[in-house]
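Listing of data_18.csv, CSV, C-alpha atoms (C1' of nucleotides)
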```csv
chain,number,residue,atom,x,y,z
A,618,MET,CA,-0.4,-31.1,-1.5
A,619,ARG,CA,2.6,-29.2,-0.2
A,620,LEU,CA,3.8,-26.9,-2.9
A,621,LEU,CA,5.5,-24.4,-0.6
A,622,CYS,CA,7.9,-24.6,2.3
A,623,PRO,CA,5.8,-23.8,5.4
A,624,HIS,CA,8.5,-21.4,6.6
A,625,THR,CA,8.3,-19.5,3.3
A,626,GLU,CA,4.6,-19.3,3.6
A,627,ALA,CA,4.8,-18.0,7.1
A,628,ILE,CA,7.3,-15.4,6.1
A,629,TRP,CA,5.1,-14.3,3.3
A,630,THR,CA,2.1,-13.7,5.4
A,631,ARG,CA,4.0,-12.2,8.3
A,632,LEU,CA,6.0,-9.9,6.1
A,633,ALA,CA,3.0,-8.2,4.7
A,634,ARG,CA,1.4,-7.9,8.1
A,635,VAL,CA,4.5,-6.7,9.8
A,636,GLU,CA,5.1,-4.0,7.3
A,637,GLN,CA,1.5,-3.0,7.2
A,638,ALA,CA,1.3,-2.8,11.0
A,639,LEU,CA,4.6,-0.9,11.4
A,640,LEU,CA,3.8,1.5,8.7
A,641,THR,CA,0.4,2.2,10.2
A,642,ARG,CA,1.7,2.7,13.7
A,643,ILE,CA,4.7,4.7,12.8
A,644,GLU,CA,2.7,6.9,10.4
A,645,ALA,CA,0.1,7.5,13.1
A,646,ASP,CA,2.8,8.8,15.5
A,647,VAL,CA,4.2,11.0,12.8
A,648,LYS,CA,0.8,12.4,11.8
A,649,ALA,CA,-0.1,12.9,15.4
A,650,ALA,CA,2.8,15.2,15.6
A,651,GLY,CA,1.3,17.2,12.8
A,652,PHE,CA,3.7,16.0,10.0
A,653,PRO,CA,3.0,14.8,6.5
A,654,PRO,CA,3.2,11.2,5.5
A,655,ILE,CA,6.5,9.4,6.1
A,656,VAL,CA,7.1,8.8,2.5
A,657,TRP,CA,7.6,12.5,2.1
A,658,TYR,CA,10.3,12.2,4.7
A,659,ASP,CA,11.9,9.4,2.7
A,660,VAL,CA,12.1,11.6,-0.3
A,661,LEU,CA,13.5,14.5,1.6
A,662,ILE,CA,16.2,12.5,3.3
A,663,SER,CA,17.1,10.9,0.0
A,664,LEU,CA,17.5,14.3,-1.6
A,665,ALA,CA,19.2,15.8,1.5
A,666,ASN,CA,21.9,13.1,1.3
A,667,ALA,CA,22.3,13.2,-2.5
A,668,PRO,CA,25.2,15.3,-3.9
A,669,GLY,CA,23.9,18.8,-4.5
A,670,GLY,CA,20.7,18.1,-2.6
A,671,ARG,CA,19.1,16.8,-5.8
A,672,ALA,CA,18.5,13.6,-7.8
A,673,ARG,CA,16.9,12.4,-10.9
A,674,PRO,CA,13.3,11.1,-10.6
A,675,LEU,CA,14.6,7.8,-12.0
A,676,ASP,CA,17.0,7.5,-9.1
A,677,LEU,CA,14.2,8.2,-6.6
A,678,GLU,CA,12.2,5.5,-8.3
A,679,ARG,CA,15.0,3.0,-7.9
A,680,THR,CA,15.8,3.9,-4.4
A,681,MET,CA,12.3,3.9,-3.2
A,682,LEU,CA,11.1,1.1,-5.5
A,683,LEU,CA,8.1,3.1,-6.6
A,684,PRO,CA,6.5,2.9,-10.0
A,685,GLN,CA,7.3,5.7,-12.3
A,686,TYR,CA,4.0,7.4,-12.1
A,687,ALA,CA,4.0,7.3,-8.4
A,688,THR,CA,7.2,9.1,-8.2
A,689,SER,CA,6.0,11.7,-10.7
A,690,ARG,CA,3.0,12.4,-8.6
A,691,LEU,CA,4.7,12.3,-5.3
A,692,VAL,CA,7.1,14.9,-6.6
A,693,ASP,CA,4.1,17.0,-7.7
A,694,ARG,CA,2.8,17.0,-4.2
A,695,LEU,CA,6.1,17.9,-2.6
A,696,GLU,CA,6.6,20.6,-5.2
A,697,GLN,CA,3.2,21.9,-4.4
A,698,ALA,CA,4.2,22.1,-0.8
A,699,GLY,CA,7.3,24.0,-1.7
A,700,LEU,CA,9.6,21.3,-0.3
A,701,VAL,CA,11.3,20.3,-3.6
A,702,GLU,CA,11.7,22.0,-6.9
A,703,ARG,CA,12.0,20.6,-10.4
A,704,GLN,CA,15.1,21.7,-12.3
A,705,THR,CA,15.9,21.0,-16.0
A,706,CYS,CA,18.7,18.6,-16.5
A,707,PRO,CA,21.5,20.2,-18.6
A,708,THR,CA,22.8,16.9,-19.9
A,709,ASP,CA,19.5,15.3,-20.9
A,710,GLY,CA,16.6,17.4,-22.1
A,711,ARG,CA,14.1,14.6,-21.3
A,712,GLY,CA,15.2,14.4,-17.7
A,713,GLN,CA,15.2,16.7,-14.8
A,714,PHE,CA,16.5,17.1,-11.3
A,715,ILE,CA,14.4,17.1,-8.2
A,716,ALA,CA,16.1,19.5,-5.7
A,717,ILE,CA,15.3,19.9,-2.1
A,718,THR,CA,14.5,23.5,-1.1
A,719,PRO,CA,15.6,25.2,2.1
A,720,GLU,CA,12.0,24.6,3.5
A,721,GLY,CA,12.4,21.0,2.5
A,722,ARG,CA,15.6,20.7,4.5
A,723,LYS,CA,14.0,22.5,7.4
A,724,LEU,CA,11.1,20.1,7.5
A,725,GLN,CA,13.3,17.1,7.2
A,726,LYS,CA,15.3,18.1,10.2
A,727,LYS,CA,12.2,18.9,12.1
A,728,MET,CA,10.7,15.6,11.4
A,729,TRP,CA,13.7,13.5,12.2
A,730,PRO,CA,13.3,13.2,16.0
A,731,THR,CA,9.7,12.3,15.7
A,732,CYS,CA,10.3,9.7,13.0
A,733,ALA,CA,13.3,8.2,14.8
A,734,ALA,CA,11.4,7.9,18.0
A,735,ALA,CA,8.4,6.3,16.3
A,736,ILE,CA,10.7,3.8,14.5
A,737,GLU,CA,12.6,3.0,17.7
A,738,ARG,CA,9.4,2.6,19.6
A,739,HIS,CA,7.5,0.3,17.2
A,740,LEU,CA,10.5,-1.5,15.7
A,741,GLY,CA,13.8,-1.2,17.4
A,742,SER,CA,12.6,-1.8,20.9
A,743,LYS,CA,11.1,-5.1,19.9
A,744,LEU,CA,14.5,-6.8,19.0
A,745,SER,CA,17.8,-7.3,20.6
A,746,VAL,CA,20.9,-5.9,18.9
A,747,ASP,CA,21.8,-9.4,17.6
A,748,GLU,CA,18.4,-9.9,16.3
A,749,ARG,CA,18.5,-6.6,14.6
A,750,ILE,CA,21.8,-7.4,12.9
A,751,GLN,CA,20.3,-10.8,11.8
A,752,LEU,CA,17.1,-9.3,10.4
A,753,ARG,CA,18.9,-6.6,8.6
A,754,GLY,CA,21.1,-9.1,6.9
A,755,LEU,CA,18.2,-11.3,5.9
A,756,LEU,CA,16.3,-8.4,4.5
A,757,GLU,CA,19.2,-7.3,2.5
A,758,LYS,CA,19.5,-10.7,1.0
A,759,LEU,CA,15.9,-10.6,0.0
A,760,LEU,CA,16.4,-7.3,-1.8
A,761,SER,CA,19.1,-8.6,-4.1
B,399,MET,CA,23.0,13.2,16.3
B,400,ARG,CA,22.3,9.5,16.5
B,401,LEU,CA,18.8,9.1,17.6
B,402,LEU,CA,18.3,5.7,16.2
B,403,CYS,CA,20.3,2.5,16.1
B,404,PRO,CA,21.7,2.1,12.5
B,405,HIS,CA,20.4,-1.4,12.3
B,406,THR,CA,17.0,-0.4,13.2
B,407,GLU,CA,17.0,2.3,10.6
B,408,ALA,CA,18.3,-0.1,7.9
B,409,ILE,CA,15.6,-2.6,8.9
B,410,TRP,CA,12.9,0.0,8.6
B,411,THR,CA,13.9,1.1,5.1
B,412,ARG,CA,14.6,-2.4,3.8
B,413,LEU,CA,11.4,-3.8,5.3
B,414,ALA,CA,9.2,-1.4,3.3
B,415,ARG,CA,11.2,-2.0,0.2
B,416,VAL,CA,11.2,-5.8,0.5
B,417,GLU,CA,7.5,-6.0,1.1
B,418,GLN,CA,6.8,-3.6,-1.7
B,419,ALA,CA,9.1,-5.4,-4.1
B,420,LEU,CA,7.8,-8.9,-3.3
B,421,LEU,CA,4.2,-7.9,-3.4
B,422,THR,CA,4.7,-6.3,-6.8
B,423,ARG,CA,6.5,-9.2,-8.3
B,424,ILE,CA,4.3,-11.9,-6.8
B,425,GLU,CA,1.2,-10.0,-7.8
B,426,ALA,CA,2.5,-9.6,-11.3
B,427,ASP,CA,2.9,-13.4,-11.6
B,428,VAL,CA,-0.5,-14.0,-10.3
B,429,LYS,CA,-2.1,-11.4,-12.5
B,430,ALA,CA,-0.2,-12.7,-15.5
B,431,ALA,CA,-2.0,-16.0,-14.9
B,432,GLY,CA,-5.3,-14.2,-15.2
B,433,PHE,CA,-6.1,-14.1,-11.5
B,434,PRO,CA,-7.5,-11.4,-9.3
B,435,PRO,CA,-5.2,-9.6,-6.7
B,436,ILE,CA,-3.6,-11.8,-4.1
B,437,VAL,CA,-5.4,-10.1,-1.3
B,438,TRP,CA,-8.5,-11.8,-2.7
B,439,TYR,CA,-6.7,-15.1,-2.3
B,440,ASP,CA,-5.9,-14.2,1.3
B,441,VAL,CA,-9.5,-13.7,2.1
B,442,LEU,CA,-10.6,-16.9,0.4
B,443,ILE,CA,-8.0,-19.0,2.1
B,444,SER,CA,-8.9,-17.5,5.5
B,445,LEU,CA,-12.5,-18.3,5.0
B,446,ALA,CA,-11.8,-21.7,3.5
B,447,ASN,CA,-9.9,-22.6,6.7
B,448,ALA,CA,-12.4,-21.1,9.0
B,449,PRO,CA,-15.0,-23.4,10.7
B,450,GLY,CA,-18.1,-23.5,8.5
B,451,GLY,CA,-16.2,-21.7,5.7
B,452,ARG,CA,-17.2,-18.3,7.2
B,453,ALA,CA,-16.0,-15.6,9.5
B,454,ARG,CA,-17.0,-12.3,10.9
B,455,PRO,CA,-15.7,-9.2,9.2
B,456,LEU,CA,-14.0,-8.3,12.4
B,457,ASP,CA,-12.0,-11.5,12.4
B,458,LEU,CA,-10.9,-10.8,8.8
B,459,GLU,CA,-9.8,-7.4,9.9
B,460,ARG,CA,-7.7,-8.7,12.7
B,461,THR,CA,-6.2,-11.5,10.7
B,462,MET,CA,-5.3,-9.4,7.8
B,463,LEU,CA,-4.6,-6.2,9.8
B,464,LEU,CA,-6.7,-4.2,7.5
B,465,PRO,CA,-8.7,-1.1,8.5
B,466,GLN,CA,-12.4,-1.7,9.0
B,467,TYR,CA,-13.5,0.1,5.9
B,468,ALA,CA,-11.1,-1.7,3.8
B,469,THR,CA,-12.5,-5.0,4.9
B,470,SER,CA,-16.0,-3.8,4.2
B,471,ARG,CA,-15.2,-2.8,0.7
B,472,LEU,CA,-13.0,-5.8,-0.1
B,473,VAL,CA,-15.9,-8.0,0.9
B,474,ASP,CA,-18.1,-5.9,-1.4
B,475,ARG,CA,-15.9,-6.7,-4.3
B,476,LEU,CA,-15.7,-10.4,-3.5
B,477,GLU,CA,-19.4,-10.6,-3.1
B,478,GLN,CA,-19.9,-8.8,-6.4
B,479,ALA,CA,-17.8,-11.4,-8.0
B,480,GLY,CA,-19.8,-14.2,-6.3
B,481,LEU,CA,-16.9,-15.5,-4.3
B,482,VAL,CA,-18.3,-14.8,-0.9
B,483,GLU,CA,-21.7,-14.1,0.5
B,484,ARG,CA,-22.9,-12.0,3.4
B,485,GLN,CA,-25.0,-13.8,6.0
B,486,THR,CA,-26.8,-12.3,8.9
B,487,CYS,CA,-25.4,-13.3,12.3
B,488,PRO,CA,-28.0,-15.0,14.5
B,489,THR,CA,-26.2,-14.1,17.7
B,490,ASP,CA,-25.5,-10.5,17.0
B,491,GLY,CA,-27.9,-8.4,14.9
B,492,ARG,CA,-25.3,-5.8,14.2
B,493,GLY,CA,-22.8,-8.3,12.8
B,494,GLN,CA,-22.7,-10.7,9.9
B,495,PHE,CA,-20.9,-13.7,8.6
B,496,ILE,CA,-18.9,-13.7,5.4
B,497,ALA,CA,-19.1,-17.1,3.9
B,498,ILE,CA,-17.1,-18.5,1.0
B,499,THR,CA,-19.2,-19.8,-1.8
B,500,PRO,CA,-18.5,-22.9,-3.9
B,501,GLU,CA,-17.1,-20.6,-6.7
B,502,GLY,CA,-15.0,-19.0,-4.0
B,503,ARG,CA,-13.5,-22.4,-3.1
B,504,LYS,CA,-13.0,-23.3,-6.7
B,505,LEU,CA,-11.1,-20.1,-7.3
B,506,GLN,CA,-9.0,-20.5,-4.2
B,507,LYS,CA,-8.0,-24.0,-5.2
B,508,LYS,CA,-7.3,-22.9,-8.8
B,509,MET,CA,-5.1,-20.0,-7.6
B,510,TRP,CA,-3.0,-21.9,-5.1
B,511,PRO,CA,-0.4,-23.5,-7.4
B,512,THR,CA,0.2,-20.1,-9.1
B,513,CYS,CA,0.5,-18.3,-5.8
B,514,ALA,CA,2.7,-20.9,-4.3
B,515,ALA,CA,5.0,-20.9,-7.2
B,516,ALA,CA,5.3,-17.1,-7.3
B,517,ILE,CA,6.0,-17.0,-3.6
B,518,GLU,CA,8.6,-19.7,-3.8
B,519,ARG,CA,10.2,-18.1,-6.8
B,520,HIS,CA,10.4,-14.6,-5.4
B,521,LEU,CA,10.9,-15.3,-1.7
B,522,GLY,CA,11.6,-18.9,-0.8
B,523,SER,CA,14.4,-19.5,-3.3
B,524,LYS,CA,16.3,-16.5,-2.0
B,525,LEU,CA,17.0,-18.0,1.4
B,526,SER,CA,18.3,-21.2,2.9
B,527,VAL,CA,16.2,-23.3,5.2
B,528,ASP,CA,18.0,-22.0,8.2
B,529,GLU,CA,17.6,-18.5,7.1
B,530,ARG,CA,13.9,-19.0,6.5
B,531,ILE,CA,13.5,-20.3,10.1
B,532,GLN,CA,15.4,-17.3,11.4
B,533,LEU,CA,13.4,-14.8,9.5
B,534,ARG,CA,10.2,-16.4,10.3
B,535,GLY,CA,11.0,-16.2,14.0
B,536,LEU,CA,12.1,-12.6,13.8
B,537,LEU,CA,9.0,-11.5,12.0
B,538,GLU,CA,6.8,-13.2,14.5
B,539,LYS,CA,8.5,-11.4,17.2
B,540,LEU,CA,7.8,-8.1,15.5
B,541,LEU,CA,4.1,-8.9,15.3
B,542,SER,CA,3.6,-9.3,19.0
C,936,DG,C1',-37.0,-0.4,30.9
C,937,DA,C1',-35.1,4.3,29.6
C,938,DC,C1',-30.9,6.2,28.2
C,939,DA,C1',-26.0,6.9,27.4
C,940,DA,C1',-22.1,4.6,25.6
C,941,DT,C1',-20.1,1.2,22.8
C,942,DT,C1',-19.8,-2.0,19.0
C,943,DA,C1',-20.3,-3.8,14.1
C,944,DC,C1',-20.4,-2.5,9.9
C,945,DA,C1',-21.5,0.8,5.8
C,946,DT,C1',-20.8,4.8,3.0
C,947,DG,C1',-20.1,9.8,1.0
C,948,DT,C1',-16.4,12.3,-0.5
C,949,DA,C1',-11.7,13.5,-1.3
C,950,DA,C1',-7.1,11.8,-2.1
C,951,DT,C1',-4.2,8.4,-4.0
C,952,DT,C1',-3.0,4.5,-7.0
C,953,DG,C1',-2.9,1.6,-11.2
C,954,DC,C1',-3.0,1.2,-16.0
C,955,DA,C1',-2.5,2.6,-20.3
C,956,DT,C1',-1.0,6.0,-23.1
C,957,DC,C1',1.1,10.3,-24.5
C,958,DT,C1',4.8,13.7,-25.5
C,959,DA,C1',9.3,15.2,-25.9
C,960,DA,C1',14.1,14.2,-26.2
C,961,DC,C1',17.8,11.2,-27.2
C,962,DA,C1',20.2,7.3,-30.1
C,963,DA,C1',21.2,4.4,-33.8
C,964,DT,C1',20.9,3.3,-38.4
C,965,DA,C1',20.7,4.0,-43.0
D,875,DT,C1',19.2,14.2,-42.1
D,876,DA,C1',15.0,11.3,-42.3
D,877,DT,C1',13.4,7.1,-40.0
D,878,DT,C1',12.9,4.0,-36.4
D,879,DG,C1',13.4,2.6,-31.8
D,880,DT,C1',14.2,3.7,-26.9
D,881,DT,C1',14.1,6.5,-22.7
D,882,DA,C1',12.4,10.2,-19.2
D,883,DG,C1',8.7,11.7,-17.5
D,884,DA,C1',3.5,13.4,-17.5
D,885,DT,C1',-1.3,12.5,-17.5
D,886,DG,C1',-6.5,11.0,-18.4
D,887,DC,C1',-9.4,8.0,-16.4
D,888,DA,C1',-11.0,4.2,-13.6
D,889,DA,C1',-10.3,1.7,-9.3
D,890,DT,C1',-8.9,1.8,-4.7
D,891,DT,C1',-7.9,3.9,-0.2
D,892,DA,C1',-8.3,7.1,3.7
D,893,DC,C1',-11.0,9.8,6.7
D,894,DA,C1',-14.9,11.1,8.8
D,895,DT,C1',-19.3,10.1,9.7
D,896,DG,C1',-23.7,7.5,9.6
D,897,DT,C1',-26.9,3.7,11.1
D,898,DA,C1',-28.5,0.1,13.6
D,899,DA,C1',-27.9,-3.3,17.3
D,900,DT,C1',-26.1,-4.2,21.9
D,901,DT,C1',-24.4,-3.4,26.5
D,902,DG,C1',-24.1,-1.3,30.8
D,903,DT,C1',-26.2,1.7,34.4
D,904,DC,C1',-29.4,3.4,37.0
```

Rewrite the structure of this file - the entire thing - as structure tokens.
Amino acid sequence: MRLLCPHTEAIWTRLARVEQALLTRIEADVKAAGFPPIVWYDVLISLANAPGGRARPLDLERTMLLPQYATSRLVDRLEQAGLVERQTCPTDGRGQFIAITPEGRKLQKKMWPTCAAAIERHLGSKLSVDERIQLRGLLEKLLS
Amino acid sequence: MRLLCPHTEAIWTRLARVEQALLTRIEADVKAAGFPPIVWYDVLISLANAPGGRARPLDLERTMLLPQYATSRLVDRLEQAGLVERQTCPTDGRGQFIAITPEGRKLQKKMWPTCAAAIERHLGSKLSVDERIQLRGLLEKLLS
DNA sequence: GACAATTACATGTAATTGCATCTAACAATA
DNA sequence: TATTGTTAGATGCAATTACATGTAATTGTC
């Protein structure tokens, strides 16, 4: 009984494997350089690029597609490490801002070359420019 | 300083998000139908398709790209649930076979329509046939 | 065949995640 | 302004994952 297009099935299994493999390999490179997990970098770069160097937890959640509690605890750890700081939100007493600290910016800048090299090595170098453009487009379509 | 092709960077961020989002959504559908996590299904289908309905843990690891300890504990849980069974390996005293049980096969068959529908809904329906073929090829290239 | 090195798998412990639920602050309605 | 509903975020607890290490079997070397 064929309930599922074979291409779809192949995509589904490969997608999980590819993401898993890339994450493992890239993370290994980053850790080998003595840096924290790459998800920390994701948060830092998000904040660094946000206006005022800060964002609402809810925005982080939506950008990173993390569940609410995961964001809350990720921020805990970053705060613990002095890389971000929780600020009260003047316009909404329930909310807050997560602001990147100077040390946070410093770490983000320091991590960038290592992260970029790892991503290039394990991902970029495997595809031609045309393929990269194609893949990018297809992934964007899947996100919508 | 541009250390990284912008397409590569976009692929990297999207890939993680897409996989995360799809897994969450598909898993939610499967759980809503009262089934265990989809990774259980992955193991069961692997074993069901393997000769003799069994495979070495090492093979599972390589197929699913899981770390060794994850496989070991995943098998623990499946065994606990009576879906697989550990058998000693006659040719290698260190190793073992993980064999799917009749209940395991039954569950695998029962899960299939739900899994297929979820994957089709959240993944297949988002892309045309040509796009699926393209994406499949690109992902395969990344796995090598 | 003794011995070091490797391989297959398990497991203790600490960190992280998932789920459900909680609290505090808004918002809407009466 | 009391009441009810909703939203932003935190948190207790159980399940899972990561890391390091352990154990037993096997292989290679002499």

Please produce, as a tab-separated table, a per-residue contact table for chain A versus chain B (criterion: any atom at most 9 Å away, all atoms listed in the file considered), showing the nearest atom pair and its distance in Å to one decimal, sorted by chain then residue number.
```
residue	atom	partner	partner_atom	distance
A:Leu620	CA	B:Ala514	CA	6.3
A:Leu621	CA	B:Ala514	CA	5.8
A:Cys622	CA	B:Gly522	CA	7.5
A:His624	CA	B:Arg530	CA	5.9
A:Thr625	CA	B:Gly522	CA	5.3
A:Glu626	CA	B:Ile517	CA	7.7
A:Ala627	CA	B:Arg534	CA	6.5
A:Ile628	CA	B:Arg534	CA	5.2
A:Trp629	CA	B:Ile517	CA	7.5
A:Thr630	CA	B:Met462	CA	8.9
A:Arg631	CA	B:Leu537	CA	6.3
A:Leu632	CA	B:Glu417	CA	6.5
A:Ala633	CA	B:Glu417	CA	6.2
A:Arg634	CA	B:Leu463	CA	6.5
A:Val635	CA	B:Leu541	CA	5.9
A:Glu636	CA	B:Ala414	CA	6.3
A:Gln637	CA	B:Leu463	CA	7.4
A:Ala638	CA	B:Leu463	CA	6.9
A:Leu639	CA	B:Trp410	CA	8.8
A:Leu640	CA	B:Ala414	CA	8.2
A:Asp659	CA	B:Thr411	CA	8.9
A:Thr680	CA	B:Arg415	CA	8.8
A:Met681	CA	B:Arg415	CA	6.9
A:Leu682	CA	B:Arg415	CA	6.5
A:Leu683	CA	B:Gln418	CA	8.4
A:Trp729	CA	B:Leu401	CA	8.6
A:Pro730	CA	B:Leu401	CA	7.0
A:Ala733	CA	B:Leu402	CA	5.8
A:Ala734	CA	B:Leu402	CA	7.5
A:Ile736	CA	B:Trp410	CA	7.4
A:Glu737	CA	B:Leu402	CA	6.5
A:His739	CA	B:Leu540	CA	8.6
A:Leu740	CA	B:Thr406	CA	7.1
A:Gly741	CA	B:Thr406	CA	5.3
A:Ser742	CA	B:Thr406	CA	9.0
A:Lys743	CA	B:Leu540	CA	6.3
A:Leu744	CA	B:Leu540	CA	7.7
A:Val746	CA	B:His405	CA	8.0
A:Glu748	CA	B:Leu536	CA	7.3
A:Arg749	CA	B:His405	CA	6.0
A:Ile750	CA	B:His405	CA	6.2
A:Gln751	CA	B:Gln532	CA	8.1
A:Leu752	CA	B:Leu533	CA	6.7
A:Arg753	CA	B:Ile409	CA	5.2
A:Gly754	CA	B:Ile409	CA	8.7
A:Leu755	CA	B:Leu533	CA	6.9
A:Leu756	CA	B:Arg412	CA	6.3
A:Glu757	CA	B:Arg412	CA	6.8
A:Lys758	CA	B:Lys524	CA	7.3
A:Leu759	CA	B:Lys524	CA	6.2
A:Leu760	CA	B:Val416	CA	5.9
A:Ser761	CA	B:Lys524	CA	8.6
```

Selection: 9 Å around stretch 937-950 of chain C, all atoms listed in the file, excl. self and same-chain fewer than 6 positions, as a ChimeraX atom specification:
/B:455-456,466-467,470-471,490-494 /D:891-893,895-897,899-903

For atom CA of B:Leu481 and atom CA of B:Pro434, the interatomic separation in Å (one decimal):
11.4 Å

Proximity check chain C to chain A, 12 Å, nearest pairs one decimal Å, only C-alpha atoms (C1' of nucleotides), as a tab-separated table:
```
residue	atom	partner	partner_atom	distance
C:DA950	C1'	A:Arg694	CA	11.4
C:DT951	C1'	A:Ala687	CA	9.4
C:DT952	C1'	A:Ala687	CA	7.7
C:DG953	C1'	A:Tyr686	CA	9.1
C:DC954	C1'	A:Tyr686	CA	10.1
C:DA955	C1'	A:Tyr686	CA	11.5
C:DT958	C1'	A:Arg711	CA	10.2
C:DA959	C1'	A:Arg711	CA	6.7
C:DA960	C1'	A:Arg711	CA	4.9
C:DC961	C1'	A:Asp709	CA	7.7
```

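Close contacts of D:DG879, defined as residues with an atom at most 12 Å away when counting only C-alpha atoms (C1' of nucleotides), with chain neighbours fewer than 6 positions off set aside, comprise DC961, DA962, DA963 and DT964 of chain C.
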
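Of the listed residues (A:Leu664, A:Met728, A:Ile655, A:Ala650), A:Leu664 comes nearest to A:Val701; the distances count only C-alpha atoms.
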
With 9 Å as the limit and counting only C-alpha atoms (C1' of nucleotides), what residues in chain D lie close to chain A? Please list them as a ChimeraX atom specification.
/D:881-884

Generate the output file for the selected residues, C-alpha atoms (C1' of nucleotides), as a PDB file, in the coordinates of the input.
```pdb
ATOM      1  C1'  DT D 881      14.100   6.500 -22.700  1.00  0.00           C
ATOM      2  C1'  DA D 882      12.400  10.200 -19.200  1.00  0.00           C
ATOM      3  C1'  DG D 883       8.700  11.700 -17.500  1.00  0.00           C
ATOM      4  C1'  DA D 884       3.500  13.400 -17.500  1.00  0.00           C
TER       5       DA D 884
END
```

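From atom C1' of D:DT890 back to atom CA of B:Val441, the distance works out to 16.9 Å.
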
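Take atom CA of A:Lys727 and atom CA of A:Arg679: the distance between them is 25.7 Å.
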
Return stretch 696-701 of chain A, completed with all heavy atoms, as a PDB file, keeping the file's coordinate frame.
```pdb
ATOM      1  N   GLU A 696       6.380  19.320  -4.508  1.00  0.00           N
ATOM      2  CA  GLU A 696       6.600  20.600  -5.200  1.00  0.00           C
ATOM      3  C   GLU A 696       5.553  21.602  -4.784  1.00  0.00           C
ATOM      4  O   GLU A 696       5.832  22.748  -4.434  1.00  0.00           O
ATOM      5  CB  GLU A 696       6.660  20.395  -6.680  1.00  0.00           C
ATOM      6  CG  GLU A 696       7.136  21.619  -7.444  1.00  0.00           C
ATOM      7  CD  GLU A 696       7.130  21.365  -8.942  1.00  0.00           C
ATOM      8  OE1 GLU A 696       6.275  20.594  -9.432  1.00  0.00           O
ATOM      9  OE2 GLU A 696       7.993  21.941  -9.643  1.00  0.00           O
ATOM     10  N   GLN A 697       4.331  21.120  -4.839  1.00  0.00           N
ATOM     11  CA  GLN A 697       3.200  21.900  -4.400  1.00  0.00           C
ATOM     12  C   GLN A 697       3.380  22.523  -3.053  1.00  0.00           C
ATOM     13  O   GLN A 697       3.036  23.675  -2.799  1.00  0.00           O
ATOM     14  CB  GLN A 697       1.957  20.993  -4.405  1.00  0.00           C
ATOM     15  CG  GLN A 697       0.620  21.680  -4.353  1.00  0.00           C
ATOM     16  CD  GLN A 697       0.229  22.221  -5.728  1.00  0.00           C
ATOM     17  OE1 GLN A 697       0.756  21.768  -6.750  1.00  0.00           O
ATOM     18  NE2 GLN A 697      -0.640  23.210  -5.750  1.00  0.00           N
ATOM     19  N   ALA A 698       3.952  21.717  -2.183  1.00  0.00           N
ATOM     20  CA  ALA A 698       4.200  22.100  -0.800  1.00  0.00           C
ATOM     21  C   ALA A 698       5.447  22.957  -0.645  1.00  0.00           C
ATOM     22  O   ALA A 698       5.799  23.360   0.471  1.00  0.00           O
ATOM     23  CB  ALA A 698       4.201  20.921   0.119  1.00  0.00           C
ATOM     24  N   GLY A 699       6.142  23.158  -1.739  1.00  0.00           N
ATOM     25  CA  GLY A 699       7.300  24.000  -1.700  1.00  0.00           C
ATOM     26  C   GLY A 699       8.555  23.297  -1.072  1.00  0.00           C
ATOM     27  O   GLY A 699       9.515  23.949  -0.663  1.00  0.00           O
ATOM     28  N   LEU A 700       8.526  21.985  -0.991  1.00  0.00           N
ATOM     29  CA  LEU A 700       9.600  21.300  -0.300  1.00  0.00           C
ATOM     30  C   LEU A 700      10.698  20.810  -1.301  1.00  0.00           C
ATOM     31  O   LEU A 700      11.836  20.579  -0.901  1.00  0.00           O
ATOM     32  CB  LEU A 700       9.050  20.036   0.392  1.00  0.00           C
ATOM     33  CG  LEU A 700       7.979  20.372   1.434  1.00  0.00           C
ATOM     34  CD1 LEU A 700       7.301  19.109   1.936  1.00  0.00           C
ATOM     35  CD2 LEU A 700       8.594  21.155   2.600  1.00  0.00           C
ATOM     36  N   VAL A 701      10.327  20.669  -2.551  1.00  0.00           N
ATOM     37  CA  VAL A 701      11.300  20.300  -3.600  1.00  0.00           C
ATOM     38  C   VAL A 701      11.004  21.217  -4.794  1.00  0.00           C
ATOM     39  O   VAL A 701       9.965  21.867  -4.858  1.00  0.00           O
ATOM     40  CB  VAL A 701      11.237  18.857  -4.019  1.00  0.00           C
ATOM     41  CG1 VAL A 701      11.339  17.921  -2.831  1.00  0.00           C
ATOM     42  CG2 VAL A 701       9.971  18.583  -4.808  1.00  0.00           C
TER      43      VAL A 701
END
```
